[in-house]
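Chemist: Handing over model16.cif, mmCIF, C-alpha atoms.
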```cif
data_target
loop_
_atom_site.label_atom_id
_atom_site.label_comp_id
_atom_site.auth_asym_id
_atom_site.auth_seq_id
_atom_site.Cartn_x
_atom_site.Cartn_y
_atom_site.Cartn_z
CA MET A 1 119.24 117.99 81.89
CA ASN A 2 115.78 118.44 83.46
CA ILE A 3 113.12 115.86 82.57
CA ALA A 4 109.52 115.52 83.78
CA TYR A 5 108.24 111.96 84.31
CA ILE A 6 104.44 111.65 83.97
CA LEU A 7 103.04 108.67 85.90
CA ASP A 8 99.68 107.31 86.99
CA GLN A 9 100.76 106.43 90.56
CA TYR A 10 104.00 107.00 92.39
CA PRO A 11 105.40 105.00 94.03
CA SER A 12 103.82 101.59 93.44
CA TYR A 13 104.51 98.08 94.76
CA SER A 14 104.07 96.59 91.29
CA GLU A 15 106.15 99.28 89.53
CA THR A 16 109.29 99.53 91.64
CA PHE A 17 111.26 99.35 88.38
CA ILE A 18 110.05 102.91 87.63
CA SER A 19 111.21 104.17 91.03
CA ASN A 20 114.57 102.46 90.50
CA GLU A 21 114.87 103.97 87.01
CA ILE A 22 114.23 107.49 88.34
CA PHE A 23 116.75 107.03 91.14
CA ALA A 24 119.40 105.69 88.72
CA LEU A 25 118.91 108.59 86.29
CA ARG A 26 119.24 111.07 89.14
CA LYS A 27 122.50 109.39 90.13
CA GLN A 28 123.62 109.94 86.53
CA GLY A 29 123.09 113.69 86.99
CA LEU A 30 119.64 114.12 85.43
CA ASN A 31 117.11 116.22 87.32
CA ILE A 32 113.84 114.27 87.28
CA THR A 33 110.56 115.91 88.33
CA VAL A 34 107.82 113.35 88.94
CA LEU A 35 104.24 114.30 88.01
CA ALA A 36 101.72 111.71 89.23
CA PHE A 37 97.96 111.39 89.47
CA LYS A 38 97.91 109.33 92.63
CA LYS A 39 100.22 109.06 95.61
CA GLY A 40 101.14 105.46 96.32
CA PRO A 41 102.26 103.84 99.59
CA GLN A 42 105.64 104.66 101.08
CA LEU A 43 107.88 101.74 100.15
CA ASN A 44 110.57 100.57 102.52
CA GLY A 45 113.91 100.38 100.80
CA LEU A 46 112.85 102.75 98.02
CA GLU A 47 115.92 104.78 97.26
CA GLU A 48 115.33 108.51 97.30
CA SER A 49 117.40 111.31 95.89
CA ALA A 50 116.92 114.99 95.28
CA GLY A 51 113.93 115.66 93.09
CA LYS A 52 110.43 117.10 93.07
CA THR A 53 107.19 115.11 93.06
CA VAL A 54 103.88 116.76 92.18
CA TYR A 55 100.46 115.11 92.56
CA VAL A 56 97.41 116.27 90.61
CA LYS A 57 94.72 118.13 92.58
CA HIS A 58 90.96 117.54 92.37
CA LEU A 59 89.54 118.05 88.88
CA PHE A 60 87.50 121.20 89.49
CA SER A 61 89.52 122.70 92.34
CA LEU A 62 90.06 126.43 92.64
CA PHE A 63 93.80 125.78 92.27
CA LYS A 64 93.26 124.12 88.92
CA PHE A 65 91.22 126.98 87.51
CA ARG A 66 93.75 129.47 88.83
CA ALA A 67 96.59 127.48 87.24
CA SER A 68 94.64 127.34 83.98
CA PHE A 69 94.00 131.11 84.02
CA PHE A 70 97.60 132.07 84.75
CA PHE A 71 98.90 129.59 82.19
CA LEU A 72 96.64 131.20 79.56
CA LEU A 73 97.88 134.68 80.48
CA SER A 74 101.57 133.79 80.45
CA HIS A 75 101.72 131.45 77.44
CA SER A 76 100.62 131.42 73.85
CA TRP A 77 96.82 131.31 73.80
CA HIS A 78 96.72 129.32 70.56
CA ARG A 79 98.68 126.46 72.22
CA TYR A 80 96.18 126.47 75.07
CA PHE A 81 93.14 126.16 72.80
CA ARG A 82 94.84 123.69 70.47
CA ALA A 83 95.51 121.38 73.44
CA PHE A 84 91.90 121.83 74.57
CA ASN A 85 90.59 120.89 71.12
CA VAL A 86 92.86 117.83 70.95
CA ALA A 87 91.68 116.71 74.41
CA ILE A 88 87.97 116.76 73.50
CA ALA A 89 88.29 115.79 69.83
CA GLY A 90 85.75 113.20 68.73
CA THR A 91 83.59 113.57 71.85
CA LYS A 92 80.04 114.85 72.26
CA PHE A 93 79.39 117.70 74.68
CA LEU A 94 78.71 116.63 78.29
CA THR A 95 79.19 112.92 77.57
CA PRO A 96 81.53 110.73 79.71
CA ALA A 97 84.12 110.87 76.91
CA PHE A 98 83.93 114.69 76.93
CA PHE A 99 84.55 114.85 80.68
CA LYS A 100 87.38 112.32 80.33
CA GLY A 101 89.06 114.61 77.79
CA LEU A 102 88.39 117.64 79.99
CA THR A 103 90.00 115.86 82.95
CA ARG A 104 93.12 115.14 80.91
CA PHE A 105 93.28 118.70 79.64
CA PHE A 106 93.11 120.27 83.11
CA ALA A 107 95.66 117.77 84.43
CA ALA A 108 98.03 118.70 81.58
CA VAL A 109 97.56 122.42 82.32
CA GLU A 110 98.13 121.93 86.03
CA PHE A 111 101.29 119.89 85.48
CA SER A 112 102.56 122.40 82.92
CA TYR A 113 101.89 125.21 85.39
CA GLU A 114 103.82 123.33 88.08
CA LEU A 115 106.80 123.07 85.70
CA ARG A 116 106.88 126.81 84.98
CA ASN A 117 110.09 127.37 86.98
CA ALA A 118 111.65 123.94 86.51
CA GLN A 119 113.52 124.69 83.26
CA CYS A 120 112.29 121.32 82.02
CA LEU A 121 113.74 120.18 78.68
CA TRP A 122 111.82 116.95 78.00
CA LEU A 123 108.64 115.07 78.95
CA HIS A 124 108.54 111.31 79.42
CA ALA A 125 105.51 109.17 80.28
CA HIS A 126 105.49 105.64 81.66
CA PHE A 127 102.59 103.74 80.06
CA ILE A 128 101.11 104.51 76.69
CA SER A 129 97.60 104.98 78.12
CA LEU A 130 96.68 107.92 80.40
CA PRO A 131 100.23 109.20 81.15
CA ALA A 132 101.13 109.37 77.43
CA SER A 133 97.88 111.24 76.70
CA ILE A 134 98.77 113.85 79.32
CA ALA A 135 102.36 114.10 78.06
CA HIS A 136 101.06 114.72 74.53
CA LEU A 137 98.81 117.57 75.73
CA MET A 138 101.68 119.00 77.80
CA SER A 139 103.88 118.86 74.72
CA ILE A 140 101.32 120.93 72.80
CA LEU A 141 101.04 123.42 75.68
CA SER A 142 104.78 123.82 76.24
CA GLY A 143 106.40 123.02 72.90
CA LEU A 144 108.62 120.44 74.64
CA GLY A 145 109.34 117.07 73.06
CA PHE A 146 107.82 113.99 74.68
CA SER A 147 108.47 110.28 74.70
CA CYS A 148 106.96 107.33 76.52
CA THR A 149 107.71 103.85 77.76
CA ALA A 150 105.13 101.32 76.59
CA HIS A 151 104.49 98.28 78.80
CA ALA A 152 102.89 94.97 77.96
CA ASN A 153 99.69 95.55 79.92
CA ASP A 154 98.74 98.60 77.85
CA ILE A 155 100.34 97.58 74.55
CA TYR A 156 98.10 94.50 74.23
CA THR A 157 94.89 95.98 75.65
CA THR A 158 94.86 99.34 73.82
CA SER A 159 92.81 99.48 70.60
CA GLY A 160 94.81 99.44 67.38
CA THR A 161 93.75 102.97 66.35
CA GLU A 162 94.55 104.53 69.71
CA LEU A 163 97.86 102.67 69.92
CA LEU A 164 98.87 103.86 66.45
CA ASP A 165 97.94 107.44 67.36
CA LYS A 166 100.09 107.32 70.51
CA LEU A 167 103.07 105.88 68.63
CA ASN A 168 102.82 108.61 66.01
CA GLN A 169 102.51 111.40 68.58
CA ALA A 170 105.65 110.53 70.59
CA SER A 171 109.16 111.48 69.47
CA PHE A 172 110.27 107.98 70.44
CA VAL A 173 108.85 105.02 72.34
CA ILE A 174 110.80 102.74 74.66
CA THR A 175 109.67 99.23 75.44
CA CYS A 176 111.31 96.72 77.73
CA THR A 177 111.48 93.65 75.47
CA LYS A 178 112.41 92.76 71.90
CA TYR A 179 109.04 91.00 71.60
CA ASN A 180 107.18 94.25 72.34
CA GLN A 181 109.49 96.19 70.01
CA VAL A 182 108.69 93.93 67.04
CA TYR A 183 104.96 94.12 67.80
CA LEU A 184 104.97 97.94 67.95
CA GLN A 185 107.01 98.18 64.76
CA GLN A 186 104.37 96.02 63.07
CA VAL A 187 101.66 98.41 64.34
CA LEU A 188 103.54 101.23 62.60
CA ASN A 189 103.62 99.07 59.46
CA GLY A 190 107.19 100.05 58.61
CA GLN A 191 106.53 103.78 58.98
CA GLN A 192 108.96 105.39 61.48
CA SER A 193 109.59 101.96 63.01
CA GLY A 194 113.02 103.19 64.09
CA LYS A 195 111.38 105.31 66.79
CA ILE A 196 110.57 102.12 68.76
CA ARG A 197 113.54 101.47 71.04
CA HIS A 198 114.15 98.41 73.17
CA ILE A 199 115.77 98.85 76.61
CA TYR A 200 115.40 96.23 79.33
CA HIS A 201 114.36 97.53 82.75
CA GLY A 202 117.27 95.59 84.16
CA ILE A 203 118.06 94.92 87.78
CA ASP A 204 120.57 96.33 90.23
CA LEU A 205 122.56 93.15 90.87
CA ASP A 206 124.18 94.66 93.97
CA LYS A 207 120.78 94.63 95.68
CA TRP A 208 120.11 90.94 95.06
CA PRO A 209 122.73 88.80 96.80
CA VAL A 210 123.12 85.27 95.50
CA LYS A 211 121.92 82.67 97.96
CA ALA A 212 123.81 79.48 98.68
CA PHE A 213 122.33 76.61 96.67
CA LYS A 214 120.34 74.40 99.01
CA TYR A 215 119.66 70.79 98.07
CA ILE A 216 116.06 69.82 98.73
CA SER A 217 115.88 67.21 101.44
CA PRO A 218 112.93 64.79 101.58
CA LYS A 219 112.89 65.54 105.32
CA ARG A 220 111.62 69.11 104.81
CA PRO A 221 108.90 70.81 102.70
CA ILE A 222 109.80 72.26 99.29
CA GLN A 223 109.92 76.06 99.60
CA ILE A 224 108.02 77.61 96.66
CA LEU A 225 107.72 81.33 95.93
CA THR A 226 105.72 83.44 93.50
CA VAL A 227 105.39 87.22 93.32
CA GLY A 228 102.92 89.20 91.22
CA ARG A 229 99.58 90.96 91.20
CA LEU A 230 96.58 88.71 91.76
CA VAL A 231 95.13 89.16 88.30
CA GLU A 232 94.19 86.75 85.51
CA LYS A 233 97.40 87.12 83.46
CA LYS A 234 99.62 85.91 86.33
CA GLY A 235 97.98 82.45 86.13
CA THR A 236 98.18 81.92 89.90
CA ILE A 237 95.14 79.63 89.86
CA TYR A 238 97.17 77.10 87.82
CA LEU A 239 99.89 77.17 90.47
CA LEU A 240 97.26 76.42 93.13
CA GLN A 241 95.88 73.55 91.05
CA ALA A 242 99.41 72.15 90.74
CA LEU A 243 99.99 72.49 94.47
CA ASN A 244 96.77 70.61 95.17
CA THR A 245 97.99 67.78 92.92
CA LEU A 246 101.34 67.73 94.72
CA LYS A 247 99.50 67.51 98.05
CA LEU A 248 97.41 64.58 96.81
CA LYS A 249 100.66 62.87 95.71
CA GLY A 250 102.00 63.20 99.24
CA LYS A 251 104.57 65.96 98.55
CA ALA A 252 105.25 68.35 101.41
CA PHE A 253 105.67 72.02 100.48
CA LYS A 254 105.24 75.58 101.64
CA CYS A 255 104.21 78.18 99.06
CA ASP A 256 104.41 81.93 99.68
CA ILE A 257 102.38 84.13 97.32
CA PHE A 258 103.03 87.89 97.36
CA GLY A 259 100.75 90.36 95.60
CA ASP A 260 97.27 91.80 95.74
CA GLY A 261 94.51 92.33 93.23
CA PRO A 262 90.95 91.42 92.23
CA TYR A 263 91.60 87.66 92.15
CA TYR A 264 92.36 87.46 95.89
CA ASP A 265 88.95 86.09 96.91
CA ARG A 266 88.74 83.37 94.27
CA LEU A 267 92.31 82.23 95.02
CA ASN A 268 91.63 82.23 98.75
CA ASP A 269 88.39 80.29 98.17
CA PHE A 270 90.35 77.63 96.23
CA ILE A 271 92.90 77.35 99.05
CA ILE A 272 90.16 76.85 101.64
CA ALA A 273 88.08 74.46 99.49
CA ASN A 274 91.11 72.23 98.94
CA HIS A 275 92.41 72.44 102.52
CA LEU A 276 95.69 74.10 101.54
CA GLU A 277 95.66 76.70 104.35
CA ALA A 278 98.53 75.00 106.22
CA SER A 279 100.90 75.17 103.26
CA VAL A 280 99.85 78.06 100.97
CA PHE A 281 99.97 81.67 102.18
CA LEU A 282 98.60 84.81 100.51
CA HIS A 283 100.71 87.59 101.97
CA GLY A 284 99.45 90.58 99.96
CA ALA A 285 101.67 93.20 98.33
CA THR A 286 104.88 94.22 100.05
CA ASP A 287 108.20 95.96 99.42
CA GLN A 288 111.48 94.48 98.25
CA PRO A 289 113.26 94.44 101.66
CA THR A 290 110.42 92.31 103.03
CA LEU A 291 110.52 90.03 99.98
CA GLN A 292 114.25 89.37 99.94
CA PRO A 293 114.36 86.89 102.87
CA PHE A 294 111.71 84.83 101.05
CA TYR A 295 113.85 84.82 97.89
CA GLN A 296 116.77 83.64 100.02
CA GLN A 297 114.72 80.76 101.46
CA ALA A 298 113.01 79.62 98.24
CA ASP A 299 113.92 76.34 96.55
CA ILE A 300 111.84 77.06 93.43
CA PHE A 301 110.33 80.21 91.91
CA ILE A 302 107.16 79.67 89.84
CA LEU A 303 105.42 82.23 87.61
CA PRO A 304 102.66 80.53 85.54
CA ALA A 305 101.88 83.60 83.41
CA ILE A 306 99.12 83.35 80.79
CA VAL A 307 97.51 85.46 78.06
CA ALA A 308 94.32 86.86 79.64
CA ALA A 309 90.95 86.79 77.91
CA ASN A 310 91.29 90.49 76.97
CA GLY A 311 94.74 89.93 75.46
CA ASP A 312 96.65 91.29 78.44
CA MET A 313 99.89 89.49 79.21
CA ASP A 314 103.24 90.03 80.85
CA GLY A 315 106.27 91.13 78.88
CA LEU A 316 109.32 90.14 80.88
CA PRO A 317 108.34 90.33 84.57
CA ASN A 318 111.03 91.80 86.78
CA VAL A 319 110.36 89.13 89.41
CA LEU A 320 111.96 86.59 87.08
CA LEU A 321 115.11 88.73 86.97
CA GLU A 322 115.07 88.97 90.77
CA ALA A 323 114.70 85.20 91.17
CA MET A 324 117.47 84.49 88.65
CA ALA A 325 119.81 87.03 90.25
CA THR A 326 119.21 85.42 93.66
CA GLY A 327 120.01 81.95 92.33
CA ILE A 328 116.63 80.21 92.40
CA PRO A 329 115.57 77.59 89.82
CA ILE A 330 112.67 79.04 87.81
CA ILE A 331 109.54 77.47 86.34
CA THR A 332 107.53 79.74 84.05
CA THR A 333 105.60 79.76 80.79
CA LYS A 334 106.63 80.29 77.18
CA ILE A 335 104.60 83.39 76.39
CA SER A 336 105.57 86.86 75.20
CA ALA A 337 109.18 87.87 75.93
CA ILE A 338 109.91 85.45 78.77
CA SER A 339 112.13 83.38 76.45
CA GLU A 340 114.44 86.42 76.14
CA LEU A 341 115.54 85.57 79.69
CA ILE A 342 114.62 81.91 80.11
CA THR A 343 116.02 79.28 77.74
CA HIS A 344 114.34 75.94 78.41
CA ASN A 345 116.57 73.47 80.26
CA VAL A 346 119.38 76.04 80.29
CA THR A 347 118.38 78.97 82.51
CA GLY A 348 115.01 77.66 83.66
CA ILE A 349 112.05 75.47 82.77
CA LEU A 350 109.48 76.70 80.24
CA ILE A 351 106.08 75.05 80.12
CA ALA A 352 102.87 75.71 78.17
CA GLN A 353 100.51 78.25 79.70
CA LYS A 354 97.43 77.10 81.65
CA ASN A 355 99.13 73.80 82.40
CA ALA A 356 98.95 72.76 86.05
CA ASN A 357 100.24 69.26 85.25
CA GLY A 358 103.27 70.84 83.56
CA ILE A 359 104.03 72.70 86.78
CA VAL A 360 103.77 69.47 88.76
CA SER A 361 106.15 67.65 86.39
CA ALA A 362 108.65 70.54 86.48
CA VAL A 363 108.67 70.64 90.29
CA GLU A 364 109.22 66.89 90.45
CA GLN A 365 112.04 67.15 87.91
CA LEU A 366 113.84 69.77 90.01
CA VAL A 367 113.38 67.77 93.21
CA ASP A 368 114.46 64.46 91.65
CA ASP A 369 117.48 65.83 89.76
CA GLN A 370 119.14 68.51 91.81
CA THR A 371 122.29 68.45 89.71
CA TYR A 372 120.03 69.64 86.89
CA ALA A 373 118.55 72.29 89.20
CA LEU A 374 122.04 73.54 90.09
CA SER A 375 122.97 73.78 86.41
CA LEU A 376 119.93 76.04 85.80
CA VAL A 377 121.05 78.29 88.65
CA LYS A 378 124.65 78.55 87.42
CA ASN A 379 123.57 79.31 83.85
CA GLY A 380 121.04 81.82 85.12
CA LEU A 381 123.63 83.69 87.17
CA GLU A 382 125.71 84.08 84.02
CA LYS A 383 122.71 85.12 81.91
CA ILE A 384 121.49 87.79 84.35
CA LYS A 385 124.70 89.80 83.92
CA ALA A 386 123.31 91.03 80.59
CA PHE A 387 120.37 92.60 82.46
CA ASP A 388 122.40 94.86 84.76
CA SER A 389 120.40 98.08 85.22
CA GLN A 390 123.54 100.22 84.97
CA GLN A 391 123.67 99.44 81.25
CA SER A 392 119.98 100.28 80.85
CA THR A 393 120.39 103.60 82.65
CA ILE A 394 123.26 104.67 80.39
CA GLN A 395 121.24 103.74 77.27
CA LEU A 396 118.24 105.71 78.53
CA LYS A 397 120.29 108.77 79.41
CA GLN A 398 121.92 108.79 75.97
CA LEU A 399 118.53 108.45 74.28
CA PHE A 400 117.10 111.45 76.14
CA LYS A 401 120.15 113.58 75.35
CA HIS A 402 120.17 112.62 71.67
CA HIS A 403 116.49 113.44 71.11
CA TYR A 404 116.68 116.69 73.05
CA ALA A 405 119.70 117.73 70.96
CA THR A 406 117.78 117.04 67.73
CA LYS A 407 114.75 118.95 69.07
CA ILE A 408 116.59 122.27 69.65
#
```
Just give me the structure as structure tokens.

Modeler:
Amino acid sequence: MNIAYILDQYPSYSETFISNEIFALRKQGLNITVLAFKKGPQLNGLEESAGKTVYVKHLFSLFKFRASFFFLLSHSWHRYFRAFNVAIAGTKFLTPAFFKGLTRFFAAVEFSYELRNAQCLWLHAHFISLPASIAHLMSILSGLGFSCTAHANDIYTTSGTELLDKLNQASFVITCTKYNQVYLQQVLNGQQSGKIRHIYHGIDLDKWPVKAFKYISPKRPIQILTVGRLVEKKGTIYLLQALNTLKLKGKAFKCDIFGDGPYYDRLNDFIIANHLEASVFLHGATDQPTLQPFYQQADIFILPAIVAANGDMDGLPNVLLEAMATGIPIITTKISAISELITHNVTGILIAQKNANGIVSAVEQLVDDQTYALSLVKNGLEKIKAFDSQQSTIQLKQLFKHHYATKI
């Protein structure tokens, strides 16, 4: 079965779960063609397998007009103009919204043209924003069915009307948590709510070896790790506030922070202003092979996720799965779908969001009661078995095959 995946950027440091999903589906015998708007950095350790990747050209390139012309000649003209009308619907001529629609239309034509010899049977977009819009236009142009995976950062920041339109347009929608599934079903208000399917991203447990549990000695600094983009919803500033309190209480620690984003400067300014440079390190974004030694060394993994001012929030961050699979005690917040993985005092510690003092208390609890910390690790290693990506891949493959069979 040949499927086209429509993405914004490929590959991406913060979306390695998409790369892993594509690789796993290819191993299952599906032929995945990747269509992306931007080419991301080459990631070390990113598994590759046979498959085509196409990147969109410049908006008004000669290639794009040629692709548009030949597509019009070789396909049904009424599909072409229907897709064009859908792309610019509700916009005024020569306004930014008009050009935005025009951009999406030409991208859809170019991608459809690139697929002309691929014998593609289905279209699937990751993210319900731009990629799903392109997949919808491609579906009109080609007559192929399309689906999408909706993620937390576009589910909770997309307007209600646009979100409802996207849900209605797709044949089915996958989301990675039960929390998101319930929310999207409520958006549909009971109409076609069965089209919202929940499949965890999962994790390849073979790639995350369990580390030996290491009791924290008062003779060495506590090794703390966090991984995530430097944006508001990750709540990293509350981790830094907690670390400053720990420093003032005389606790020795080393904290490694991996990720990049618009909050880098303000986080770095806080580190400098509070003289934390010797113990807190902003490493930037990196790939999983580089991260894994830090997971192996960490005593505690902390992700103080919050609901951002614009409503954006995490669903179930894959870094929590990685930390649990490695055998690290976890401190995180009780927002969104995190409780689907973390049960308080069983598989980790859940605290209220925006609560630096809660982080401090949780760290002290893990350091003071390491039998308790070990119990969290053992329970977590049992829990993570339910998130094996092999199960997710089989579910996804079956879903594609079922919907394609009902389409023909």

Chemist: What residues come out when you apply the PyMOL selection byres ((chain A and resi 278-285) around 10) to this file, written as a PyMOL selection string?

Modeler: chain A and resi 12-14+221+223-225+227-230+240+243-244+247+252-261+264+267-268+271-272+275-277+286-288+290-291

Chemist: When the PyMOL selection byres ((chain A and resi 329) around 6) is applied to the structure above, which residues does it catch, written out as a list in words?

Modeler: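 When the PyMOL selection byres ((chain A and resi 329) around 6) is applied, the selected residues are Ile300, Ile328, Ile330 and Val377 of chain A.
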
Chemist: What does the distance from atom CA of Pro317 of chain A to atom CA of Ala305 of chain A come to in Å, to one decimal?

Modeler: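 Going from atom CA of Pro317 of chain A over to atom CA of Ala305 of chain A covers 9.4 Å.
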
Chemist: Would you kindly return, as an mmCIF file with C-alpha atoms, in the frame of the given file, each protein, DNA or RNA residue with an atom no farther than 8 Å from any atom of Val363 of chain A, considering all atoms listed in the file and excluding same-chain residues fewer than 3 positions away?

Modeler:
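And here's part07.cif as it stands now:
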```cif
data_model
loop_
_atom_site.group_PDB
_atom_site.id
_atom_site.type_symbol
_atom_site.label_atom_id
_atom_site.label_comp_id
_atom_site.auth_asym_id
_atom_site.auth_seq_id
_atom_site.Cartn_x
_atom_site.Cartn_y
_atom_site.Cartn_z
ATOM 1 C CA ILE A 300 111.840 77.060 93.430
ATOM 2 C CA ILE A 331 109.540 77.470 86.340
ATOM 3 C CA ILE A 359 104.030 72.700 86.780
ATOM 4 C CA VAL A 360 103.770 69.470 88.760
ATOM 5 C CA LEU A 366 113.840 69.770 90.010
ATOM 6 C CA VAL A 367 113.380 67.770 93.210
#
```

Chemist: Given all atoms listed in the file as the basis, pick out the residue of A:Thr16, A:Ser129, A:Ser375, A:Asn2 nearest to Lys166 of chain A.

Modeler: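 Of all the options, A:Ser129 lies closest to Lys166 of chain A.
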
Chemist: Which residue gives the smallest distance to Ser112 of chain A among A:Gln353, A:Ser142, A:Thr245, A:Gln365, with only C-alpha atoms counted?

Modeler: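 Nearest to Ser112 of chain A: A:Ser142.
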
Chemist: At what distance in Å, to one decimal, does atom CA of Ala337 of chain A lie from atom CA of Gln398 of chain A?

Modeler: 24.5 Å

Chemist: Output the residue selection produced by the PyMOL selection byres ((chain A and resi 232) around 8) on the file above, formatted as a PyMOL selection string.

Modeler: chain A and resi 230-231+233-236+263+306+308

Chemist: Show which residues sit within 8 Å of segment 152-159 of chain A, as a PDB file with C-alpha atoms, in the coordinates of the input. Count all atoms listed in the file, and ignore same-chain residues fewer than 6 positions away.

Modeler:
```pdb
ATOM      1  CA  PHE A 127     102.590 103.740  80.060  1.00  0.00           C
ATOM      2  CA  ILE A 128     101.110 104.510  76.690  1.00  0.00           C
ATOM      3  CA  SER A 129      97.600 104.980  78.120  1.00  0.00           C
ATOM      4  CA  ASN A 180     107.180  94.250  72.340  1.00  0.00           C
ATOM      5  CA  ASN A 310      91.290  90.490  76.970  1.00  0.00           C
ATOM      6  CA  GLY A 311      94.740  89.930  75.460  1.00  0.00           C
ATOM      7  CA  ASP A 312      96.650  91.290  78.440  1.00  0.00           C
ATOM      8  CA  MET A 313      99.890  89.490  79.210  1.00  0.00           C
ATOM      9  CA  ASP A 314     103.240  90.030  80.850  1.00  0.00           C
ATOM     10  CA  GLY A 315     106.270  91.130  78.880  1.00  0.00           C
TER      11      GLY A 315
END
```

Chemist: Which residue gives the smallest distance to Leu144 of chain A among A:Val56, A:Ile3, A:Val173, A:Ile196, with all atoms listed in the file counted?

Modeler: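 Selected residue with least distance to Leu144 of chain A: A:Ile3.
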
Chemist: For Phe17 of chain A, which residue out of A:His126, A:Ser361, A:Ala323, A:Ile237 is the nearest one, using all atoms listed in the file?

Modeler: A:His126

Chemist: Just to confirm, what's the straight-line distance from atom CA of Asn168 of chain A to atom CA of Val182 of chain A in Å (one decimal)?

Modeler: 15.8 Å

Chemist: Within 10 Å of (93.9, 121.0, 72.5) (file coordinates; all atoms listed in the file), which protein or nucleic acid residues are there? I'd like them as a list in words.

Modeler: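 In the file's frame, the residues around the point are His78, Arg79, Tyr80, Phe81, Arg82, Ala83, Phe84, Asn85, Val86, Ala87, Ile88, Ala89, Gly101, Leu102, Phe105, His136, Leu137, Met138, Ile140 and Leu141 of chain A.
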
Chemist: Can you write just those residues out, C-alpha atoms, as an mmCIF file, in the coordinates of the input?

Modeler:
```
data_model
loop_
_atom_site.group_PDB
_atom_site.id
_atom_site.type_symbol
_atom_site.label_atom_id
_atom_site.label_comp_id
_atom_site.auth_asym_id
_atom_site.auth_seq_id
_atom_site.Cartn_x
_atom_site.Cartn_y
_atom_site.Cartn_z
ATOM 1 C CA HIS A 78 96.720 129.320 70.560
ATOM 2 C CA ARG A 79 98.680 126.460 72.220
ATOM 3 C CA TYR A 80 96.180 126.470 75.070
ATOM 4 C CA PHE A 81 93.140 126.160 72.800
ATOM 5 C CA ARG A 82 94.840 123.690 70.470
ATOM 6 C CA ALA A 83 95.510 121.380 73.440
ATOM 7 C CA PHE A 84 91.900 121.830 74.570
ATOM 8 C CA ASN A 85 90.590 120.890 71.120
ATOM 9 C CA VAL A 86 92.860 117.830 70.950
ATOM 10 C CA ALA A 87 91.680 116.710 74.410
ATOM 11 C CA ILE A 88 87.970 116.760 73.500
ATOM 12 C CA ALA A 89 88.290 115.790 69.830
ATOM 13 C CA GLY A 101 89.060 114.610 77.790
ATOM 14 C CA LEU A 102 88.390 117.640 79.990
ATOM 15 C CA PHE A 105 93.280 118.700 79.640
ATOM 16 C CA HIS A 136 101.060 114.720 74.530
ATOM 17 C CA LEU A 137 98.810 117.570 75.730
ATOM 18 C CA MET A 138 101.680 119.000 77.800
ATOM 19 C CA ILE A 140 101.320 120.930 72.800
ATOM 20 C CA LEU A 141 101.040 123.420 75.680
#
```

Chemist: For a quick check of understanding, using only C-alpha atoms, which of A:Val210, A:Leu376, A:Leu30, A:Ala352 has the smallest distance to Thr326 of chain A?

Modeler: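 Residue with the minimum atom-to-atom distance to Thr326 of chain A: A:Val210.
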
Chemist: Return the single residue from A:Ile349, A:Val34, A:Ile384, A:Ala24 that is closest to Tyr372 of chain A, with distances computed using all atoms listed in the file.

Modeler: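 Residue with the minimum atom-to-atom distance to Tyr372 of chain A: A:Ile349.
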
Chemist: Counting all atoms listed in the file, what are the residues of segment 105-161 of chain A within 10 Å of segment 36-43 of chain A, and for each of them which pair of atoms is the nearest and at what distance in Å, to one decimal? Sort the table by chain and rising number, as CSV.

Modeler:
```
residue,atom,partner,partner_atom,distance
A:Ala107,CA,A:Phe37,CA,8.4
A:Phe111,CA,A:Ala36,CA,9.0
A:Leu130,CA,A:Phe37,CA,9.8
A:Pro131,CA,A:Ala36,CA,8.6
```

Chemist: Segment 106-119 of chain A, all listed atoms, 6 Å padding on each side: what axis-aligned box centre and edge lengths in Å to one decimal come out, as JSON?

Modeler:
```
{"center_x": 103.3, "center_y": 122.6, "center_z": 84.8, "size_x": 32.4, "size_y": 21.6, "size_z": 18.5}
```
